[in-house]
file query06.cif (mmCIF, C-alpha atoms)
data_final
loop_
_atom_site.label_atom_id
_atom_site.label_comp_id
_atom_site.auth_asym_id
_atom_site.auth_seq_id
_atom_site.Cartn_x
_atom_site.Cartn_y
_atom_site.Cartn_z
CA MET A 1 204.71 245.27 47.58
CA ALA A 2 207.49 246.95 49.56
CA ARG A 3 211.21 247.09 50.06
CA ILE A 4 212.61 246.09 53.47
CA GLU A 5 215.66 247.57 55.14
CA LEU A 6 217.42 246.35 58.28
CA ALA A 7 220.04 248.76 59.62
CA LYS A 8 222.29 247.58 62.49
CA VAL A 9 219.43 245.40 63.79
CA VAL A 10 220.13 243.75 67.15
CA LYS A 11 218.13 241.26 69.22
CA ARG A 12 218.92 240.59 72.87
CA TYR A 13 217.36 238.15 75.29
CA GLY A 14 218.42 239.57 78.62
CA ALA A 15 222.21 239.75 78.55
CA VAL A 16 222.47 237.40 75.57
CA GLU A 17 222.76 239.00 72.12
CA ALA A 18 221.18 236.69 69.53
CA ILE A 19 221.36 238.96 66.45
CA HIS A 20 224.47 241.09 66.04
CA GLY A 21 223.92 244.34 64.13
CA VAL A 22 222.59 242.99 60.82
CA ASP A 23 222.49 245.27 57.77
CA LEU A 24 220.37 244.09 54.85
CA GLU A 25 218.21 245.57 52.08
CA ILE A 26 215.53 243.54 50.31
CA GLY A 27 214.17 244.96 47.08
CA ASP A 28 210.54 245.51 46.14
CA GLY A 29 209.24 242.19 44.78
CA GLU A 30 212.44 240.28 45.58
CA PHE A 31 212.41 236.68 46.88
CA VAL A 32 215.09 236.30 49.58
CA ALA A 33 215.88 233.13 51.52
CA PHE A 34 217.41 233.15 55.01
CA VAL A 35 219.43 229.98 55.45
CA GLY A 36 221.76 228.59 58.08
CA PRO A 37 222.11 225.89 60.73
CA SER A 38 219.73 225.56 63.67
CA GLY A 39 220.10 228.44 66.12
CA CYS A 40 221.70 230.83 63.61
CA GLY A 41 218.97 233.47 64.08
CA LYS A 42 217.04 233.15 60.81
CA SER A 43 213.60 232.63 62.42
CA THR A 44 214.33 235.37 64.97
CA MET A 45 215.06 237.77 62.10
CA LEU A 46 211.81 236.80 60.40
CA ARG A 47 209.80 237.25 63.60
CA MET A 48 211.29 240.71 64.13
CA ILE A 49 210.22 241.70 60.62
CA ALA A 50 206.74 240.32 61.33
CA GLY A 51 206.54 242.20 64.64
CA LEU A 52 206.33 239.02 66.72
CA GLU A 53 209.69 239.80 68.38
CA GLU A 54 210.77 243.22 69.64
CA ILE A 55 213.87 244.78 68.11
CA SER A 56 216.52 245.54 70.74
CA GLY A 57 218.54 247.94 68.58
CA GLY A 58 218.83 249.33 65.08
CA THR A 59 216.13 250.27 62.59
CA LEU A 60 213.64 248.24 60.53
CA ARG A 61 211.84 249.82 57.59
CA ILE A 62 209.04 248.34 55.50
CA GLY A 63 208.52 250.61 52.53
CA GLU A 64 209.47 254.08 53.73
CA ALA A 65 208.10 253.63 57.26
CA VAL A 66 210.14 252.77 60.34
CA VAL A 67 208.17 249.93 61.96
CA ASN A 68 210.22 249.13 65.09
CA ASP A 69 207.26 249.92 67.33
CA VAL A 70 204.41 249.07 64.94
CA GLU A 71 202.15 246.16 65.94
CA PRO A 72 202.09 243.12 63.60
CA LYS A 73 198.65 243.97 62.22
CA GLY A 74 199.90 247.43 61.23
CA ARG A 75 202.84 246.16 59.16
CA ASP A 76 200.76 244.63 56.34
CA VAL A 77 202.73 241.38 56.26
CA ALA A 78 201.38 237.82 56.01
CA MET A 79 203.18 234.88 57.60
CA VAL A 80 203.01 231.18 56.67
CA PHE A 81 204.15 228.84 59.44
CA GLN A 82 205.61 225.34 59.50
CA ASP A 83 202.59 223.90 61.34
CA TYR A 84 199.90 225.41 59.01
CA ALA A 85 197.88 226.86 61.98
CA LEU A 86 194.52 225.92 60.41
CA TYR A 87 191.22 225.74 62.30
CA PRO A 88 190.21 222.04 62.20
CA HIS A 89 186.45 222.72 62.52
CA MET A 90 186.39 225.14 59.57
CA SER A 91 186.26 224.29 55.87
CA VAL A 92 189.06 225.22 53.50
CA ALA A 93 187.05 228.21 52.28
CA GLN A 94 186.40 229.38 55.84
CA ASN A 95 190.06 229.02 56.79
CA ILE A 96 191.22 231.00 53.77
CA GLY A 97 188.67 233.75 54.33
CA PHE A 98 188.89 233.93 58.14
CA GLY A 99 191.24 236.92 58.28
CA LEU A 100 189.06 238.85 55.83
CA LYS A 101 185.99 238.11 57.95
CA MET A 102 187.77 239.45 61.05
CA ARG A 103 188.54 242.64 59.12
CA GLY A 104 184.84 243.06 58.41
CA GLU A 105 184.92 242.62 54.64
CA ALA A 106 181.63 241.92 52.89
CA PRO A 107 180.71 238.22 52.34
CA GLU A 108 180.60 238.56 48.55
CA VAL A 109 184.07 240.18 48.55
CA ILE A 110 185.41 237.39 50.76
CA ARG A 111 183.91 234.72 48.52
CA GLN A 112 185.49 236.23 45.40
CA LYS A 113 188.93 236.56 47.02
CA VAL A 114 188.77 233.00 48.35
CA GLU A 115 187.83 231.66 44.91
CA ASP A 116 190.67 233.64 43.30
CA ALA A 117 193.19 232.25 45.79
CA ALA A 118 191.84 228.71 45.39
CA ARG A 119 192.24 228.96 41.62
CA ILE A 120 195.86 230.13 41.95
CA LEU A 121 196.66 227.28 44.37
CA GLN A 122 194.58 224.61 42.62
CA LEU A 123 192.25 224.18 45.60
CA GLU A 124 188.89 224.72 43.86
CA ASP A 125 187.81 221.10 44.43
CA TYR A 126 188.63 221.19 48.15
CA LEU A 127 186.90 224.34 49.39
CA GLU A 128 184.25 222.46 51.39
CA ARG A 129 186.65 219.96 52.97
CA LYS A 130 188.04 220.20 56.50
CA PRO A 131 191.83 220.28 57.13
CA GLY A 132 191.73 216.71 58.46
CA GLN A 133 190.60 215.51 55.02
CA LEU A 134 193.62 217.03 53.24
CA SER A 135 197.18 215.92 52.57
CA GLY A 136 200.10 217.82 54.08
CA GLY A 137 200.75 219.62 50.82
CA GLN A 138 197.11 220.64 50.48
CA ARG A 139 197.04 221.96 54.05
CA GLN A 140 200.13 224.05 53.34
CA ARG A 141 198.44 225.47 50.24
CA VAL A 142 195.45 226.44 52.39
CA ALA A 143 197.81 228.27 54.74
CA MET A 144 199.31 230.04 51.72
CA GLY A 145 195.82 230.89 50.47
CA ARG A 146 195.01 232.57 53.78
CA ALA A 147 198.07 234.78 53.24
CA ILE A 148 197.31 235.49 49.57
CA VAL A 149 193.77 236.81 50.08
CA ARG A 150 195.07 239.60 52.30
CA LYS A 151 197.23 240.95 49.43
CA PRO A 152 199.97 241.99 51.87
CA LYS A 153 203.06 244.04 51.12
CA VAL A 154 205.30 241.17 52.27
CA PHE A 155 205.04 237.37 52.50
CA LEU A 156 207.00 235.70 55.31
CA PHE A 157 207.54 231.91 55.20
CA ASP A 158 208.95 230.19 58.30
CA GLU A 159 210.19 226.70 57.26
CA PRO A 160 206.83 225.95 55.59
CA LEU A 161 207.87 222.63 54.03
CA SER A 162 209.66 221.01 56.98
CA ASN A 163 206.74 218.72 57.84
CA LEU A 164 206.32 217.38 54.29
CA ASP A 165 207.88 214.29 52.74
CA ALA A 166 210.52 214.64 50.01
CA LYS A 167 208.10 214.34 47.06
CA LEU A 168 205.69 216.92 48.48
CA ARG A 169 208.53 219.32 49.27
CA VAL A 170 209.55 219.30 45.61
CA GLU A 171 205.93 219.86 44.50
CA MET A 172 205.43 222.71 46.98
CA ARG A 173 208.69 224.39 45.94
CA THR A 174 207.26 224.54 42.43
CA GLN A 175 203.98 225.99 43.74
CA ILE A 176 205.77 228.68 45.75
CA LYS A 177 207.97 229.59 42.79
CA ARG A 178 204.93 229.95 40.53
CA LEU A 179 203.11 231.97 43.18
CA HIS A 180 205.92 234.48 43.45
CA ARG A 181 206.24 234.75 39.67
CA MET A 182 202.52 235.50 39.46
CA LEU A 183 202.15 237.92 42.39
CA ARG A 184 205.66 239.49 42.55
CA THR A 185 205.16 240.18 46.25
CA THR A 186 208.27 240.81 48.36
CA THR A 187 209.00 237.45 50.01
CA ILE A 188 211.31 236.28 52.80
CA TYR A 189 211.67 232.53 53.16
CA VAL A 190 213.37 230.88 56.14
CA THR A 191 214.77 227.37 55.73
CA HIS A 192 217.55 225.15 57.07
CA ASP A 193 217.57 223.36 53.69
CA GLN A 194 220.08 225.01 51.36
CA VAL A 195 218.57 223.18 48.35
CA GLU A 196 215.24 224.96 48.99
CA ALA A 197 217.06 228.27 49.32
CA MET A 198 219.07 227.77 46.13
CA THR A 199 216.11 226.68 43.99
CA LEU A 200 213.58 229.26 45.20
CA ALA A 201 215.33 232.52 45.93
CA ASP A 202 216.55 235.45 43.86
CA ARG A 203 219.06 236.01 46.65
CA VAL A 204 220.27 233.84 49.54
CA VAL A 205 221.30 235.23 52.94
CA VAL A 206 223.57 232.92 54.95
CA LEU A 207 223.45 233.36 58.73
CA ARG A 208 225.61 231.87 61.46
CA GLY A 209 225.53 232.59 65.17
CA GLY A 210 223.38 235.70 64.71
CA ASN A 211 225.72 237.18 62.09
CA LEU A 212 225.11 237.74 58.40
CA ILE A 213 227.99 235.85 56.78
CA GLN A 214 227.30 236.34 53.05
CA HIS A 215 224.43 237.18 50.73
CA GLY A 216 224.12 237.04 46.97
CA ARG A 217 222.60 235.20 44.04
CA PRO A 218 222.51 231.42 44.59
CA LEU A 219 225.17 230.69 41.96
CA GLU A 220 227.36 233.48 43.32
CA LEU A 221 227.44 231.82 46.74
CA TYR A 222 228.00 228.42 45.17
CA GLU A 223 230.81 229.50 42.86
CA ARG A 224 232.52 232.10 45.06
CA PRO A 225 231.85 231.56 48.78
CA ASN A 226 233.57 234.19 50.92
CA CYS A 227 234.58 231.72 53.66
CA ARG A 228 234.94 228.03 54.42
CA PHE A 229 231.62 227.95 56.34
CA VAL A 230 229.59 229.12 53.31
CA ALA A 231 231.59 226.83 51.01
CA GLU A 232 230.70 223.78 53.10
CA PHE A 233 227.11 224.81 53.87
CA ILE A 234 226.07 225.64 50.29
CA GLY A 235 226.11 222.70 47.90
CA SER A 236 225.05 219.06 48.07
CA PRO A 237 227.17 216.99 48.39
CA GLN A 238 229.22 219.56 50.26
CA MET A 239 232.58 220.86 49.13
CA ASN A 240 235.65 218.74 49.85
CA ILE A 241 238.13 220.53 52.15
CA LEU A 242 241.80 219.48 52.19
CA PRO A 243 244.24 221.17 54.61
CA GLY A 244 247.72 222.10 53.48
CA VAL A 245 250.49 224.70 53.51
CA VAL A 246 251.61 227.19 50.87
CA ILE A 247 255.01 226.43 49.32
CA SER A 248 257.06 227.74 46.42
CA SER A 249 257.56 225.33 43.52
CA ASP A 250 259.91 226.48 40.76
CA GLY A 251 259.26 230.06 41.86
CA SER A 252 255.48 229.66 41.60
CA PRO A 253 253.03 229.28 44.51
CA ALA A 254 251.62 225.85 45.24
CA VAL A 255 249.94 224.07 48.14
CA GLU A 256 251.38 220.95 49.69
CA LEU A 257 248.41 219.01 51.04
CA ASP A 258 248.67 217.29 54.41
CA GLY A 259 248.67 213.91 52.68
CA GLY A 260 251.81 214.81 50.72
CA ALA A 261 250.37 215.72 47.29
CA MET A 262 251.20 219.08 45.71
CA VAL A 263 248.73 221.31 43.84
CA ARG A 264 250.16 224.18 41.79
CA MET A 265 248.26 227.48 42.12
CA PRO A 266 249.98 230.19 40.05
CA GLY A 267 247.57 232.97 41.08
CA LEU A 268 247.58 232.31 44.83
CA ALA A 269 248.42 235.43 46.87
CA ALA A 270 249.83 233.87 50.03
CA GLU A 271 253.33 233.57 51.45
CA PRO A 272 255.11 230.21 51.78
CA GLY A 273 254.38 228.64 55.15
CA HIS A 274 250.80 229.99 55.26
CA LYS A 275 248.42 227.24 56.41
CA VAL A 276 245.37 226.96 54.18
CA ASP A 277 242.36 224.79 53.38
CA VAL A 278 241.87 223.90 49.72
CA GLY A 279 238.25 223.43 48.63
CA ILE A 280 237.00 221.55 45.57
CA ARG A 281 233.44 220.54 44.73
CA PRO A 282 232.73 216.88 43.84
CA GLU A 283 231.79 217.71 40.23
CA HIS A 284 235.06 219.59 39.68
CA ILE A 285 237.23 216.49 40.14
CA ASP A 286 237.91 214.31 37.10
CA ALA A 287 239.20 210.77 36.72
CA CYS A 288 242.43 210.75 34.72
CA SER A 289 245.62 208.80 34.06
CA GLU A 290 248.17 208.44 36.86
CA ALA A 291 250.58 210.71 34.98
CA GLU A 292 248.04 213.57 35.09
CA ALA A 293 246.80 212.94 38.63
CA ASP A 294 246.88 215.34 41.58
CA LEU A 295 245.85 212.46 43.87
CA VAL A 296 245.43 208.72 43.65
CA VAL A 297 242.60 207.66 45.97
CA ASP A 298 240.97 204.43 47.08
CA VAL A 299 237.30 204.16 46.07
CA ASP A 300 235.45 203.05 49.20
CA VAL A 301 231.72 203.40 48.39
CA LEU A 302 229.77 204.01 45.18
CA GLU A 303 226.35 205.68 45.12
CA GLU A 304 224.83 205.23 41.66
CA LEU A 305 222.24 207.93 40.98
CA GLY A 306 221.36 207.13 37.37
CA SER A 307 222.69 210.20 35.58
CA ASP A 308 225.90 210.18 37.59
CA THR A 309 227.75 208.32 40.31
CA LEU A 310 229.06 209.56 43.65
CA ALA A 311 232.34 207.93 44.60
CA ILE A 312 233.23 208.19 48.29
CA CYS A 313 237.00 207.89 48.29
CA LEU A 314 239.71 207.65 50.92
CA TRP A 315 242.98 209.57 50.76
CA ALA A 316 245.47 210.23 53.56
CA GLY A 317 242.90 209.30 56.19
CA ARG A 318 240.25 211.66 54.76
CA GLU A 319 237.07 211.16 52.79
CA LEU A 320 236.82 212.76 49.36
CA THR A 321 233.53 212.82 47.43
CA VAL A 322 233.74 212.74 43.63
CA ARG A 323 230.81 213.13 41.22
CA LEU A 324 231.48 211.17 38.04
CA PRO A 325 229.38 210.45 34.94
CA ALA A 326 227.63 207.09 35.23
CA GLY A 327 228.63 204.11 33.13
CA PRO A 328 231.24 204.20 30.35
CA GLY A 329 233.60 207.14 30.69
CA SER A 330 233.27 207.34 34.46
CA GLY A 331 236.85 206.25 35.01
CA LEU A 332 235.61 203.49 37.32
CA GLY A 333 236.29 200.64 34.98
CA SER A 334 238.94 198.01 34.57
CA GLY A 335 242.03 200.14 34.95
CA ALA A 336 241.50 203.41 36.74
CA GLY A 337 241.50 206.41 34.49
CA SER A 338 240.39 204.36 31.52
CA SER A 339 237.62 205.92 29.47
CA GLN A 340 236.26 202.62 28.25
CA GLY A 341 235.55 200.92 31.59
CA SER A 342 232.11 200.04 32.82
CA SER A 343 230.65 201.10 36.18
CA LEU A 344 231.98 199.34 39.26
CA GLY A 345 228.54 199.08 40.83
CA SER A 346 228.30 195.31 40.38
CA SER A 347 231.96 194.47 40.94
CA LEU A 348 232.94 196.55 43.97
CA GLY A 349 232.42 194.27 46.94
CA PRO A 350 232.05 195.48 50.53
CA ALA A 351 235.71 194.82 51.33
CA ALA A 352 237.16 195.62 47.90
CA ARG A 353 238.72 198.95 46.96
CA THR A 354 239.88 200.29 43.63
CA ARG A 355 242.57 202.92 43.14
CA LEU A 356 241.46 205.92 41.13
CA PRO A 357 243.72 208.74 39.86
CA LEU A 358 242.04 212.16 40.12
CA ARG A 359 242.74 215.61 38.74
CA PHE A 360 241.38 218.92 40.13
CA ARG A 361 240.05 221.52 37.72
CA ARG A 362 242.36 224.45 38.46
CA ASP A 363 239.81 227.21 37.77
CA CYS A 364 237.42 225.63 40.30
CA LEU A 365 239.75 225.49 43.32
CA HIS A 366 238.96 227.55 46.43
CA VAL A 367 241.55 228.48 49.05
CA PHE A 368 240.70 229.58 52.60
CA ASP A 369 242.85 230.72 55.50
CA ALA A 370 243.15 227.72 57.82
CA GLN A 371 242.72 229.83 60.97
CA THR A 372 240.04 232.38 60.04
CA GLY A 373 238.28 230.44 57.26
CA VAL A 374 238.29 233.58 55.08
CA ARG A 375 238.72 233.17 51.33
CA LEU A 376 242.19 234.04 50.02
#
call {"tool": "encode", "arguments": {"input": "query06.cif", "output": "structure tokens"}}
result
Amino acid sequence: MARIELAKVVKRYGAVEAIHGVDLEIGDGEFVAFVGPSGCGKSTMLRMIAGLEEISGGTLRIGEAVVNDVEPKGRDVAMVFQDYALYPHMSVAQNIGFGLKMRGEAPEVIRQKVEDAARILQLEDYLERKPGQLSGGQRQRVAMGRAIVRKPKVFLFDEPLSNLDAKLRVEMRTQIKRLHRMLRTTTIYVTHDQVEAMTLADRVVVLRGGNLIQHGRPLELYERPNCRFVAEFIGSPQMNILPGVVISSDGSPAVELDGGAMVRMPGLAAEPGHKVDVGIRPEHIDACSEAEADLVVDVDVLEELGSDTLAICLWAGRELTVRLPAGPGSGLGSGAGSSQGSSLGSSLGPAARTRLPLRFRRDCLHVFDAQTGVRL
């Protein structure tokens, strides 16, 4: 295992700077996920750590050694790719042990290491099969096995689950989580899927346009995003954003939303007239009586998920997503805000809309500067 340190790391392609002076430390045995939209630089960062891309500026350390100019094979890292990169003519056992064979290890040592990896990854019954006889999830486990047998200082995963269907992705997330718990090897995991990042990682690094925007524990990013971009990117469904302007109401700060509603915010440190974006997650909005409501919306679409219901609502020309408990108590019954109503799933026709009073949980509101997106 090893710690990793990036200090002012830059990557240029000709005159174009793709990574802009990133500073990041990854602890020994830590599982860190790089997440962000396509083109944000997460795979480029991973490839620089692996030695597959040259570093244009700054310093990269693995352990105590500066590795800027060290070849990939000298860095003692193992990489798992999206496309598995298995040899189709070789068996599972041969694929897993191929790197050890190239290093000249003894056949009996290779056999033992392959069997150990197969046991960890539940591949014992497939060692004689060829990749073409395996499912996508099994092929990805073979690729992981090839990395495990090397016992590297660092595991690098580059979108390893992108080619799998939804059910297999969930299964493989569990496998990867167990693997890290067992081996405690320093791991960097690149994904565009923030759900993967949130469920797998000890720490999540959010990238955008080659810049490190925020990093922290998954719940820290979810509960206290430092800007509007992170707030909208982390969380599914994403955070609702409502533009407005700061006003003074009875001597206390409040925000007048663009649709005309007012939300009191006693602790808000912003001057009247300051344009802001108010953020609220779907699960932090409650159905209520009209007297208690911050907004009264029109319910447009219901998505019933069993344990809860997503209500896609319309207010002042904007969509607002609300996560409500399913069935009785949802507030979607006969008479909005009523706690005894039944779900609207069977009664809400394609052209019908129901008015629903909503209240924001005050301790769950987020406020961002409308121009910079920075949290206030």
call {"tool": "residues_around", "arguments": {"input": "query06.cif", "residues": "Val230 of chain A", "least_positions_apart": "2", "cutoff": "12 Å", "atoms": "all atoms listed in the file", "output": "NGL selection string"}}
result
:A and (35-37 or 194 or 204-208 or 212-216 or 218 or 220-228 or 232-235 or 238-239 or 279 or 366 or 368 or 373-375)
call {"tool": "resolve_selection", "arguments": {"input": "query06.cif", "expression": "the PyMOL selection byres ((chain A and resi 259) around 10)", "output": "list of chain:residue names"}}
result
A:Leu242, A:Pro243, A:Gly244, A:Glu256, A:Leu257, A:Asp258, A:Gly260, A:Ala261, A:Met262, A:Leu295, A:Trp315, A:Ala316, A:Gly317, A:Arg318
call {"tool": "atom_distance", "arguments": {"input": "query06.cif", "atom1": "atom CA of Ser236 of chain A", "atom2": "atom CA of Asp193 of chain A"}}
result
10.3 Å
call {"tool": "residues_near_point", "arguments": {"input": "query06.cif", "point": "(197.1, 225.8, 54.7)", "cutoff": "12 Å", "atoms": "all atoms listed in the file", "output": "PyMOL selection string"}}
result
chain A and resi 79-88+90-97+117-118+121+123+126-127+130-132+134-148+160-161+172
call {"tool": "closest_residue", "arguments": {"input": "query06.cif", "among": "A:Arg217, A:Thr185, A:Arg129, A:His192", "to": "His89 of chain A", "atoms": "all atoms listed in the file"}}
result
A:Arg129
call {"tool": "residues_around", "arguments": {"input": "query06.cif", "residues": "segment 301-308 of chain A", "least_positions_apart": "4", "cutoff": "7 Å", "atoms": "only C-alpha atoms", "output": "list in words"}}
result
Ile312, Cys313, Arg323, Leu324, Pro325, Ala326 and Gly345 of chain A
call {"tool": "write_last_selection", "arguments": {"input": "query06.cif", "atoms": "C-alpha atoms", "output": "compact mmCIF listing (two decimals), keeping the file's coordinate frame"}}
result
# COMPACT_ATOMS: atom_id res chain seq x y z
CA ILE A 312 233.23 208.19 48.29
CA CYS A 313 237.00 207.89 48.29
CA ARG A 323 230.81 213.13 41.22
CA LEU A 324 231.48 211.17 38.04
CA PRO A 325 229.38 210.45 34.94
CA ALA A 326 227.63 207.09 35.23
CA GLY A 345 228.54 199.08 40.83
call {"tool": "atom_distance", "arguments": {"input": "query06.cif", "atom1": "atom CA of Glu71 of chain A", "atom2": "atom CA of Lys11 of chain A"}}
result
17.0 Å
call {"tool": "residues_around", "arguments": {"input": "query06.cif", "residues": "segment 18-31 of chain A", "least_positions_apart": "4", "cutoff": "8 Å", "atoms": "all atoms listed in the file", "output": "VMD selection string"}}
result
chain A and resid 1 to 13 41 45 57 to 58 180 184 to 189 200 to 203 209 to 212
call {"tool": "atom_distance", "arguments": {"input": "query06.cif", "atom1": "atom CA of Arg150 of chain A", "atom2": "atom CA of Gly99 of chain A"}}
result
7.6 Å
call {"tool": "resolve_selection", "arguments": {"input": "query06.cif", "expression": "the PyMOL selection byres ((chain A and resi 271) around 10)", "output": "ChimeraX atom specification"}}
result
/A:245-248,253,268-270,272-275
call {"tool": "residues_near_point", "arguments": {"input": "query06.cif", "point": "(242.8, 217.2, 41.5)", "cutoff": "8 Å", "atoms": "all atoms listed in the file", "output": "NGL selection string"}}
result
:A and (263 or 285-286 or 293-295 or 358-362)
call {"tool": "write_last_selection", "arguments": {"input": "query06.cif", "atoms": "C-alpha atoms", "output": "CSV table (one decimal), keeping the file's coordinate frame"}}
result
chain,number,residue,atom,x,y,z
A,263,VAL,CA,248.7,221.3,43.8
A,285,ILE,CA,237.2,216.5,40.1
A,286,ASP,CA,237.9,214.3,37.1
A,293,ALA,CA,246.8,212.9,38.6
A,294,ASP,CA,246.9,215.3,41.6
A,295,LEU,CA,245.8,212.5,43.9
A,358,LEU,CA,242.0,212.2,40.1
A,359,ARG,CA,242.7,215.6,38.7
A,360,PHE,CA,241.4,218.9,40.1
A,361,ARG,CA,240.0,221.5,37.7
A,362,ARG,CA,242.4,224.4,38.5
call {"tool": "closest_residue", "arguments": {"input": "query06.cif", "among": "A:Val255, A:Ala311, A:Val149, A:Ala197", "to": "Arg119 of chain A", "atoms": "only C-alpha atoms"}}
result
A:Val149
call {"tool": "resolve_selection", "arguments": {"input": "query06.cif", "expression": "the PyMOL selection byres ((chain A and resi 67) around 12)", "output": "tab-separated table (two decimals) with C-alpha atoms, in the frame of the given file"}}
result
chain	number	residue	atom	x	y	z
A	4	ILE	CA	212.61	246.09	53.47
A	5	GLU	CA	215.66	247.57	55.14
A	6	LEU	CA	217.42	246.35	58.28
A	48	MET	CA	211.29	240.71	64.13
A	49	ILE	CA	210.22	241.70	60.62
A	50	ALA	CA	206.74	240.32	61.33
A	51	GLY	CA	206.54	242.20	64.64
A	54	GLU	CA	210.77	243.22	69.64
A	55	ILE	CA	213.87	244.78	68.11
A	58	GLY	CA	218.83	249.33	65.08
A	59	THR	CA	216.13	250.27	62.59
A	60	LEU	CA	213.64	248.24	60.53
A	61	ARG	CA	211.84	249.82	57.59
A	62	ILE	CA	209.04	248.34	55.50
A	63	GLY	CA	208.52	250.61	52.53
A	64	GLU	CA	209.47	254.08	53.73
A	65	ALA	CA	208.10	253.63	57.26
A	66	VAL	CA	210.14	252.77	60.34
A	68	ASN	CA	210.22	249.13	65.09
A	69	ASP	CA	207.26	249.92	67.33
A	70	VAL	CA	204.41	249.07	64.94
A	71	GLU	CA	202.15	246.16	65.94
A	72	PRO	CA	202.09	243.12	63.60
A	73	LYS	CA	198.65	243.97	62.22
A	74	GLY	CA	199.90	247.43	61.23
A	75	ARG	CA	202.84	246.16	59.16
A	76	ASP	CA	200.76	244.63	56.34
A	77	VAL	CA	202.73	241.38	56.26
call {"tool": "closest_residue", "arguments": {"input": "query06.cif", "among": "A:Gly104, A:Pro237, A:Pro357, A:Gly251", "to": "Ala287 of chain A", "atoms": "all atoms listed in the file"}}
result
A:Pro357
call {"tool": "build_atoms", "arguments": {"input": "query06.cif", "residues": "segment 210-223 of chain A", "atoms": "N, CA and C atoms", "output": "PDB file, in the frame of the given file"}}
result
ATOM      1  N   GLY A 210     223.936 234.351  64.619  1.00  0.00           N
ATOM      2  CA  GLY A 210     223.380 235.700  64.710  1.00  0.00           C
ATOM      3  C   GLY A 210     224.067 236.724  63.836  1.00  0.00           C
ATOM      4  N   ASN A 211     225.015 236.290  63.002  1.00  0.00           N
ATOM      5  CA  ASN A 211     225.720 237.180  62.090  1.00  0.00           C
ATOM      6  C   ASN A 211     225.362 236.872  60.648  1.00  0.00           C
ATOM      7  N   LEU A 212     225.284 237.926  59.835  1.00  0.00           N
ATOM      8  CA  LEU A 212     225.110 237.740  58.400  1.00  0.00           C
ATOM      9  C   LEU A 212     226.493 237.463  57.811  1.00  0.00           C
ATOM     10  N   ILE A 213     226.678 236.272  57.258  1.00  0.00           N
ATOM     11  CA  ILE A 213     227.990 235.850  56.780  1.00  0.00           C
ATOM     12  C   ILE A 213     228.202 236.241  55.317  1.00  0.00           C
ATOM     13  N   GLN A 214     227.209 235.997  54.474  1.00  0.00           N
ATOM     14  CA  GLN A 214     227.300 236.340  53.050  1.00  0.00           C
ATOM     15  C   GLN A 214     225.908 236.361  52.463  1.00  0.00           C
ATOM     16  N   HIS A 215     225.688 237.229  51.485  1.00  0.00           N
ATOM     17  CA  HIS A 215     224.430 237.180  50.730  1.00  0.00           C
ATOM     18  C   HIS A 215     224.739 237.456  49.266  1.00  0.00           C
ATOM     19  N   GLY A 216     223.922 236.862  48.403  1.00  0.00           N
ATOM     20  CA  GLY A 216     224.120 237.040  46.970  1.00  0.00           C
ATOM     21  C   GLY A 216     223.233 236.087  46.198  1.00  0.00           C
ATOM     22  N   ARG A 217     223.343 236.130  44.882  1.00  0.00           N
ATOM     23  CA  ARG A 217     222.600 235.200  44.040  1.00  0.00           C
ATOM     24  C   ARG A 217     223.047 233.770  44.357  1.00  0.00           C
ATOM     25  N   PRO A 218     222.143 232.794  44.230  1.00  0.00           N
ATOM     26  CA  PRO A 218     222.510 231.420  44.590  1.00  0.00           C
ATOM     27  C   PRO A 218     223.804 230.939  43.941  1.00  0.00           C
ATOM     28  N   LEU A 219     223.956 231.158  42.632  1.00  0.00           N
ATOM     29  CA  LEU A 219     225.170 230.690  41.960  1.00  0.00           C
ATOM     30  C   LEU A 219     226.410 231.445  42.423  1.00  0.00           C
ATOM     31  N   GLU A 220     226.227 232.703  42.809  1.00  0.00           N
ATOM     32  CA  GLU A 220     227.360 233.480  43.320  1.00  0.00           C
ATOM     33  C   GLU A 220     227.904 232.861  44.603  1.00  0.00           C
ATOM     34  N   LEU A 221     227.007 232.463  45.504  1.00  0.00           N
ATOM     35  CA  LEU A 221     227.440 231.820  46.740  1.00  0.00           C
ATOM     36  C   LEU A 221     228.053 230.456  46.467  1.00  0.00           C
ATOM     37  N   TYR A 222     227.507 229.754  45.499  1.00  0.00           N
ATOM     38  CA  TYR A 222     228.000 228.420  45.170  1.00  0.00           C
ATOM     39  C   TYR A 222     229.392 228.487  44.533  1.00  0.00           C
ATOM     40  N   GLU A 223     229.568 229.437  43.624  1.00  0.00           N
ATOM     41  CA  GLU A 223     230.810 229.500  42.860  1.00  0.00           C
ATOM     42  C   GLU A 223     231.902 230.317  43.540  1.00  0.00           C
TER      43      GLU A 223
END
